[in-house]
Amino acid sequence: MVKLIQIMLKENLLTKNAISTLVKSRPPKKISFANLLAEDMIDLHTVEIFLAKKIRQGVILLAHLEKIDGIDIVPIIQEVAKALHIEYVDLDDVEIDMKLFAQVPYRQLLKFNIMPVEETDLNVLIVFDDPLDMAAQDAIQRLFPRKPIRIAISKPSQISAHLQRLEINESIKGLVTDIRKDLSSEGNTGDSDDSPAVLKLIEIILKSAIFSGASDIHIEATEKSCIIRTRVDGMLRQSFTFDKDIFNPLASRMKLLSNLDIAEKRKPQDGRFSTTVSKKDFDFRVSTLPTIFGESIVLRILDKSKAMIKLEEAGMSKFCYDRFSESIKVPYGIVLVTGPTGSGKTTTLYGALNAIKDVKDKIITVEDPVEYQMGGLQQVQVKASIGLSFSDALRSILRQDPDKIMIGEIRDKETLRIAIQAALTGHLVLSTLHTNDAISAVTRILDMGIEEYLVSGALVAIQAQRLVRKICTYCKKETILPATLLKDVQQFLPENPIFYVGEGCKECGHSGYKGREMISEVLTISETFSRLIANSASKEEMTKQAMEEGFINMFEDGVHKALEGKTTIEEIYRVARL
């Protein structure tokens, strides 16, 4: 970094006055490309051209670029590729040919940090992190004597990440070979359901997902291969890649475990199974969906021994927690938790029930499905196949003399109307709704056809929430925000704010994030706000009134979390809007 800035000074791309200005500012600012760009002391295009030129000259390597804060290195790599007349490949957007991968010794791939991508009739495409390394090119060309290799480049960290994932495949090559032997011995019927190797492979897939803290496992058939991906902290990661012939025995065995029809591949199916992994019991909800290359199989992991999260540990800011916990203590009314699928709404509801349950109260829940069993509650499972819908269950619940009711999800007008009537007749009702923010929930309820006077009388509070990834504590470091991002969030920042980022390490799977944190907004319905609803006020009028009453929106709550060092501004932008 210092060396590069010295070269820029020597080549008159940067002035000493600019450096002096940074050092003399109060407090002094670090001499970095990010700060030089933020202060408009240097042009971004100039920096990109300069760095691309130095890579071509061999002064720096692509790997060095990833250590520079505040610069997107992809345009620089593309500039290098253009100058060298080679391809830039985004490895996340291409399908790796596993047969080609198997032709190159894994130690060679690690040594040169390269990735074989595809083989055509004319050549073999190999991605390098150093396109000027002639020794590496010669060594790889010797492995393909009949075809020339085609050089391409990619982000070095991307190549390393793919190699790390495929390292697991190296360790289970024996199992894959055994599955193929079983297939051959059964006359290539594709039915190796009793193969111990398939069972062992499934066990490894489940263990790997659970140890990485995954919530879902995706088994997918593609044109050339069978891909296993896991959802960790809300984001999908590729865990395994196998040849296409492994998919059928794997899918068949998974269907057998879940009591599904293995012969039915044209229709979606749903099932479940339970197993023990490392002395802990887990439930797996299984869903299959026909696709053009085979079936997509998704397993949702449910930890039976998972302790109920306490509301105060859910990740709410103190401001939101105080507002929400006060709202759920009211004797009657409806409290809603809103957000998209996978935003932790059900977990928040369970936390709320845990906080308010009392031996003096009868609490009944109606859910689809009942994910976690909880003492002190009567939990009802919705079964549409026998005519037990949310609305049917809710009518019966009201005849059970409950004090508090939890509805897993309000899906239709009928369920919503019964819930509001229950709230108006002396019950506390907790439920979820799918809206983007708290104030939108009011307009959504009105759009569903519920009268304004009923809504204004029943609503107590609405919480909207999202889950953002937390910065990994093992590789956390201070960072400088790009000037464009800083400008957009300036109104929420104190003087001289400090932000953090995760560099990426083994603990977080080199993602820089580990675990998730909630960002939220809580809208409490005051008398004034209630009158606005009754008078059919617009969303703008309701927003203005909420702000006057001290409402803090989700984006601002997220910025505060970033300032506390819990997450990044990029994560806030990923899940919330300004």
# chains A, B, ... in the order shown; residues from 1 in each chain; ligands from 1
call {"tool": "select_by_dssp", "arguments": {"residues": "region 203-353 of chain A", "states": "strand (DSSP E)", "output": "count of residues only"}}
result
62
call {"tool": "residues_around", "arguments": {"residues": "region 453-467 of chain A", "least_positions_apart": "3", "cutoff": "9 Å", "atoms": "only C-alpha atoms", "output": "ChimeraX atom specification"}}
result
/A:233-234,320,323-324,327-328,330,332-340,342-345,420-424,435-439,441-442,445-446,450,516-527,529-535,554,575-576
call {"tool": "closest_residue", "arguments": {"among": "A:Ser536, A:Ser185, A:Ser287, A:Gln269", "to": "Ile301 (chain A)", "atoms": "only C-alpha atoms"}}
result
A:Ser287
call {"tool": "residues_around", "arguments": {"residues": "Glu66 (chain A)", "least_positions_apart": "4", "cutoff": "9 Å", "atoms": "only C-alpha atoms", "output": "list in words"}}
result
Leu62, Ile71, Asp72, Ile73, Lys155, Pro156 and Ser157 of chain A
call {"tool": "closest_residue", "arguments": {"among": "A:Phe33, A:Asp138, A:Glu87, A:Lys53", "to": "Leu14 (chain A)", "atoms": "only C-alpha atoms"}}
result
A:Phe33
call {"tool": "closest_atom_pairs", "arguments": {"of": "region 20-134 of chain A", "to": "region 473-491 of chain A", "cutoff": "10 Å", "atoms": "only C-alpha atoms", "output": "JSON lines"}}
result
{"residue": "A:Lys30", "atom": "CA", "partner": "A:Ile480", "partner_atom": "CA", "distance": 9.4}
{"residue": "A:Ser32", "atom": "CA", "partner": "A:Ile480", "partner_atom": "CA", "distance": 9.0}
{"residue": "A:Phe33", "atom": "CA", "partner": "A:Ile480", "partner_atom": "CA", "distance": 9.6}
{"residue": "A:Ala34", "atom": "CA", "partner": "A:Pro482", "partner_atom": "CA", "distance": 6.2}
{"residue": "A:Asn35", "atom": "CA", "partner": "A:Ile480", "partner_atom": "CA", "distance": 7.4}
{"residue": "A:Leu36", "atom": "CA", "partner": "A:Ala483", "partner_atom": "CA", "distance": 9.7}
{"residue": "A:Leu37", "atom": "CA", "partner": "A:Ala483", "partner_atom": "CA", "distance": 6.9}
{"residue": "A:Ala38", "atom": "CA", "partner": "A:Ala483", "partner_atom": "CA", "distance": 4.6}
{"residue": "A:Glu39", "atom": "CA", "partner": "A:Ala483", "partner_atom": "CA", "distance": 8.1}
{"residue": "A:Asp40", "atom": "CA", "partner": "A:Ala483", "partner_atom": "CA", "distance": 9.0}
{"residue": "A:Asp69", "atom": "CA", "partner": "A:Ile480", "partner_atom": "CA", "distance": 6.6}
{"residue": "A:Gly70", "atom": "CA", "partner": "A:Pro482", "partner_atom": "CA", "distance": 5.1}
{"residue": "A:Ile71", "atom": "CA", "partner": "A:Pro482", "partner_atom": "CA", "distance": 7.5}
{"residue": "A:Asp72", "atom": "CA", "partner": "A:Pro482", "partner_atom": "CA", "distance": 9.5}
call {"tool": "residues_around", "arguments": {"residues": "Leu299 (chain A)", "least_positions_apart": "5", "cutoff": "6 Å", "atoms": "only C-alpha atoms", "output": "ChimeraX atom specification"}}
result
/A:216-217,284-286
